[in-house]
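Undergrad: This structure is in structure tokens; I'll ask about it shortly.
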Amino acid sequence: MATAASAPIAVSNISNLIALKIVGLTLNDYVLMMFIPSMIGIFVIAWLLFLYFKKDIPKVSTMIPFKRAHLHSTQLYTHPLDPAGNPEDIDWKMFKVCLLIIITTRIAFFALTPFGISLEFIGLFGAAILIIYRWIRIRIGIKDVIRNTPWQIFLFAFNMYVLVYGLKNVGLNDFIVSTLREIIAQDALQATIIMGMLTTVLSNLVNNLPAVMFSTMAIVDMGMEPLIVQIAYLASVIGSDIGALLTPIGTLATLIWMFELKKYGVKMTWRKYLKVTFLVIPIGLFVSLFSLYLWIMLFVQ
């Protein structure tokens, strides 16, 4: 749900930002065209997940026995909001200030980019303020951030980028352009469905970051009218944010999630994962793609 919910706003996911300028969209244009249709798909996914897990959701949160793989004893955890089970003191002032910094940074993305200030500078500035404030407040620097970062995930993403450019150099991009251009260029609905499905397949084969990059290169090389280019790109984003959730390797977020589960001894197999996603994600994907087409054709165009 967290990954799917990154679709409505471009700055919520790296894959959304990869080619925003290439296709002629600003952050505000992106939100105008994408927010409503992607939110419809997200609500559908949430509803389907609720129906799937309804019988397993307890009506009352109680103490849950939890055993880590590397520990011999079983630890008990209570609900996070239970004061009796959470004796740690929470620095609520620090929490509120950090939350304010994050919200301000997000607002700055939309308020300052029209004046030519880059997203990268705004993001780095906000992150620097967070790190400096934490050091001032509790005298903890950046070492733990560097130490706990799952660097192997970024190495995986880099390898996938190399793979995509290798495929482009051997002619796969030219093949996709020559095969799909005439079909996509003649109709916005076909552009939406085909590019959404193409990015979904590529994301689940090589991860969503290189997949959306590859699909965008193909879209630009097709030389279509601006509206079709933008619709095709937004459909690709839906494929990379929602369709990519079909398998664990589809998104970096899912890989990091499974890495964290493994670290704490929570067993999550491919079989368990696919059993849920193959029922939920295809429906959410097609609802999002059709909503995107209808929204742009009826209200935005």
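Labeling convention for the structure tokens: chains A, B, ... as they appear, residues from 1 per chain, ligands from 1 in order of appearance.
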Would you kindly return, as a list of chain:residue names, each protein, DNA or RNA residue with an atom no farther than 9 Å from any atom of Met258 (chain A), considering only C-alpha atoms and excluding same-chain residues fewer than 4 positions away?
TA: A:Pro248, A:Ala253, A:Thr254, A:Lys262, A:Lys263, A:Val266, A:Lys267, A:Met268
Undergrad: Could you save those same residues with all heavy atoms as an mmCIF file, in the first residue's frame?
TA:
data_model
loop_
_atom_site.group_PDB
_atom_site.id
_atom_site.type_symbol
_atom_site.label_atom_id
_atom_site.label_comp_id
_atom_site.auth_asym_id
_atom_site.auth_seq_id
_atom_site.Cartn_x
_atom_site.Cartn_y
_atom_site.Cartn_z
ATOM 1 N N PRO A 248 8.072 -9.650 -5.678
ATOM 2 C CA PRO A 248 8.916 -8.938 -4.715
ATOM 3 C C PRO A 248 10.042 -8.128 -5.350
ATOM 4 O O PRO A 248 10.504 -7.159 -4.752
ATOM 5 C CB PRO A 248 9.488 -10.070 -3.846
ATOM 6 C CG PRO A 248 8.491 -11.170 -3.955
ATOM 7 C CD PRO A 248 7.964 -11.087 -5.354
ATOM 8 N N ALA A 253 11.223 -0.733 -2.755
ATOM 9 C CA ALA A 253 10.540 -0.690 -1.463
ATOM 10 C C ALA A 253 10.209 -2.097 -0.974
ATOM 11 O O ALA A 253 10.365 -2.406 0.211
ATOM 12 C CB ALA A 253 9.267 0.146 -1.587
ATOM 13 N N THR A 254 9.733 -2.950 -1.877
ATOM 14 C CA THR A 254 9.400 -4.320 -1.487
ATOM 15 C C THR A 254 10.644 -5.097 -1.095
ATOM 16 O O THR A 254 10.643 -5.879 -0.139
ATOM 17 C CB THR A 254 8.683 -5.048 -2.638
ATOM 18 O OG1 THR A 254 7.584 -4.257 -3.085
ATOM 19 C CG2 THR A 254 8.142 -6.397 -2.166
ATOM 20 N N LYS A 262 13.389 -10.152 7.135
ATOM 21 C CA LYS A 262 14.395 -11.190 7.336
ATOM 22 C C LYS A 262 15.314 -10.843 8.498
ATOM 23 O O LYS A 262 15.677 -11.708 9.308
ATOM 24 C CB LYS A 262 15.212 -11.375 6.058
ATOM 25 C CG LYS A 262 16.237 -12.502 6.137
ATOM 26 C CD LYS A 262 16.988 -12.653 4.824
ATOM 27 C CE LYS A 262 18.007 -13.780 4.904
ATOM 28 N NZ LYS A 262 18.760 -13.915 3.621
ATOM 29 N N LYS A 263 15.661 -9.576 8.625
ATOM 30 C CA LYS A 263 16.544 -9.129 9.695
ATOM 31 C C LYS A 263 15.924 -9.389 11.059
ATOM 32 O O LYS A 263 16.626 -9.696 12.027
ATOM 33 C CB LYS A 263 16.859 -7.645 9.517
ATOM 34 C CG LYS A 263 17.892 -7.112 10.510
ATOM 35 C CD LYS A 263 18.342 -5.720 10.147
ATOM 36 C CE LYS A 263 17.255 -4.700 10.357
ATOM 37 N NZ LYS A 263 17.729 -3.309 10.128
ATOM 38 N N VAL A 266 11.177 -12.502 10.594
ATOM 39 C CA VAL A 266 9.809 -12.722 10.109
ATOM 40 C C VAL A 266 9.884 -13.382 8.734
ATOM 41 O O VAL A 266 10.450 -12.807 7.804
ATOM 42 C CB VAL A 266 9.022 -11.393 10.021
ATOM 43 C CG1 VAL A 266 7.617 -11.650 9.496
ATOM 44 C CG2 VAL A 266 8.984 -10.719 11.374
ATOM 45 N N LYS A 267 9.319 -14.557 8.616
ATOM 46 C CA LYS A 267 9.439 -15.325 7.382
ATOM 47 C C LYS A 267 8.383 -14.873 6.368
ATOM 48 O O LYS A 267 7.194 -14.950 6.614
ATOM 49 C CB LYS A 267 9.294 -16.814 7.664
ATOM 50 C CG LYS A 267 9.591 -17.696 6.468
ATOM 51 C CD LYS A 267 9.502 -19.168 6.841
ATOM 52 C CE LYS A 267 9.838 -20.050 5.634
ATOM 53 N NZ LYS A 267 9.742 -21.492 5.979
ATOM 54 N N MET A 268 8.833 -14.412 5.222
ATOM 55 C CA MET A 268 7.936 -14.046 4.122
ATOM 56 C C MET A 268 8.467 -14.696 2.853
ATOM 57 O O MET A 268 9.514 -14.316 2.343
ATOM 58 C CB MET A 268 7.858 -12.524 3.960
ATOM 59 C CG MET A 268 7.107 -12.062 2.695
ATOM 60 S SD MET A 268 5.424 -12.701 2.578
ATOM 61 C CE MET A 268 4.637 -11.857 3.939
#
Undergrad: Find the residues near Val212 (chain A): any atom within 10 Å, counting only C-alpha atoms, skip ones fewer than 2 places away on the same chain, and give them as a ChimeraX atom specification.
TA: /A:15-19,195-196,198-200,202-203,207-210,214-218,233-241
Undergrad: As an exercise, work out the distance from CA of Asp29 (chain A) to CA of Gly223 (chain A) in Å and give it to one decimal place.
TA: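 Spanning CA of Asp29 (chain A) to CA of Gly223 (chain A) is a straight-line distance of 20.7 Å.
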Undergrad: Leaving out region 49-59 of chain A and any residue of its chain fewer than 2 positions from it, which residues lie within 10 Å of it when counting only C-alpha atoms, given as a CSV table (one decimal) with N, CA, C and O atoms, in the first residue's frame?
TA:
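Once written, selection-v9.csv looks like this:
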chain,number,residue,atom,x,y,z
A,1,MET,N,0.8,-1.2,0.0
A,1,MET,CA,0.0,0.0,0.0
A,1,MET,C,0.9,1.3,0.0
A,1,MET,O,0.5,2.2,-0.6
A,43,PHE,N,-7.6,3.0,-3.4
A,43,PHE,CA,-8.8,2.7,-2.6
A,43,PHE,C,-9.3,1.3,-3.0
A,43,PHE,O,-9.7,0.5,-2.1
A,44,VAL,N,-9.3,0.9,-4.2
A,44,VAL,CA,-9.7,-0.4,-4.7
A,44,VAL,C,-8.7,-1.5,-4.1
A,44,VAL,O,-9.2,-2.5,-3.6
A,45,ILE,N,-7.4,-1.2,-4.2
A,45,ILE,CA,-6.4,-2.2,-3.6
A,45,ILE,C,-6.6,-2.3,-2.1
A,45,ILE,O,-6.6,-3.4,-1.6
A,46,ALA,N,-6.8,-1.2,-1.4
A,46,ALA,CA,-7.0,-1.3,0.0
A,46,ALA,C,-8.3,-2.1,0.4
A,46,ALA,O,-8.3,-2.9,1.3
A,47,TRP,N,-9.3,-1.9,-0.4
A,47,TRP,CA,-10.6,-2.6,-0.1
A,47,TRP,C,-10.4,-4.1,-0.4
A,47,TRP,O,-10.8,-5.0,0.4
A,61,SER,N,-6.4,-5.6,19.8
A,61,SER,CA,-4.9,-5.8,19.8
A,61,SER,C,-4.5,-6.2,21.1
A,61,SER,O,-4.7,-5.5,22.1
A,62,THR,N,-3.8,-7.4,21.2
A,62,THR,CA,-3.3,-7.9,22.5
A,62,THR,C,-1.8,-8.1,22.4
A,62,THR,O,-1.2,-7.8,21.4
A,276,VAL,N,-1.2,-13.3,-2.5
A,276,VAL,CA,-2.0,-12.1,-2.3
A,276,VAL,C,-2.0,-11.2,-3.6
A,276,VAL,O,-3.0,-10.8,-4.0
A,277,THR,N,-0.8,-10.9,-4.1
A,277,THR,CA,-0.6,-9.9,-5.1
A,277,THR,C,-1.3,-10.4,-6.4
A,277,THR,O,-1.8,-9.5,-7.2
A,279,LEU,N,-4.0,-11.8,-6.8
A,279,LEU,CA,-5.4,-11.6,-6.7
A,279,LEU,C,-5.8,-10.1,-6.7
A,279,LEU,O,-6.8,-9.7,-7.2
A,280,VAL,N,-4.9,-9.3,-6.1
A,280,VAL,CA,-5.2,-7.9,-5.8
A,280,VAL,C,-4.7,-6.9,-6.8
A,280,VAL,O,-5.4,-6.0,-7.3
A,281,ILE,N,-3.4,-7.1,-7.2
A,281,ILE,CA,-2.7,-6.1,-8.0
A,281,ILE,C,-3.3,-6.0,-9.4
A,281,ILE,O,-3.5,-4.8,-9.9
Undergrad: Given the choices A:Ile40, A:Ala232, A:Met213, A:Ala2, which gets closest to Leu285 (chain A) if the distance is worked out from only C-alpha atoms?
TA: A:Ile40
Undergrad: Have a look at A:Leu227, A:Ile42, A:Val177, A:Ala128 and name the one nearest to Val287 (chain A); count only C-alpha atoms.
TA: A:Ile42
Undergrad: Identify, on the basis of only C-alpha atoms, every residue whose closest approach to region 156-167 of chain A does not exceed 8 Å; exclude the query and any residue fewer than 2 positions from it along the same chain; express the result as an NGL selection string.
TA: :A and (152-154 or 169-173 or 206-207 or 209-211 or 214 or 252)
Undergrad: Write out as an MDAnalysis selection string all residues of region 62-219 of chain A that backbone DSSP assigns to alpha helix (DSSP H).
TA: chainID A and resid 92:112 119:138 143:148 151:169 172:185 188:206 208:219
Undergrad: One decimal, Å: what's the distance from CA of Gly265 (chain A) over to CA of Val60 (chain A), could you say?
TA: 24.4 Å
Undergrad: Give me the residues near region 88-97 of chain A as number ranges by chain, where near means some atom within 8 Å (using only C-alpha atoms) and where sequence neighbours in that chain fewer than 3 positions away do not count.
TA: A: 100-101, 134, 137
Undergrad: Please indicate the distance in Å from CA of Ile228 (chain A) to CA of Ile296 (chain A), rounded to one decimal place.
TA: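 CA of Ile228 (chain A) sits 10.6 Å away from CA of Ile296 (chain A).
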Undergrad: Of the candidates A:Ile256, A:Ala188, A:Arg106, A:Leu292, which shows the shortest atom-to-atom distance to Pro226 (chain A), using only C-alpha atoms?
TA: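 When distances to Pro226 (chain A) are compared using only C-alpha atoms, the smallest one comes from A:Ala188.
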Undergrad: Leaving out Met224 (chain A) and any residue of its chain fewer than 4 positions from it, which residues lie within 9 Å of it when counting only C-alpha atoms, given as a ChimeraX atom specification?
TA: /A:181,184-185,219-220,228-229
Undergrad: Need the shell around region 110-123 of chain A: protein/DNA/RNA residues with any atom at most 12 Å away, counting only C-alpha atoms. Skip same-chain ones fewer than 2 positions apart. Format as an NGL selection string?
TA: :A and (9-12 or 14 or 17-18 or 20-21 or 25-31 or 101-108 or 125-130)
Undergrad: Measuring between only C-alpha atoms, which one of A:Met222, A:Leu189, A:Ile138, A:Leu99 shows the shortest distance to Ile176 (chain A)?
TA: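 The answer is A:Met222, which sits nearest to Ile176 (chain A).
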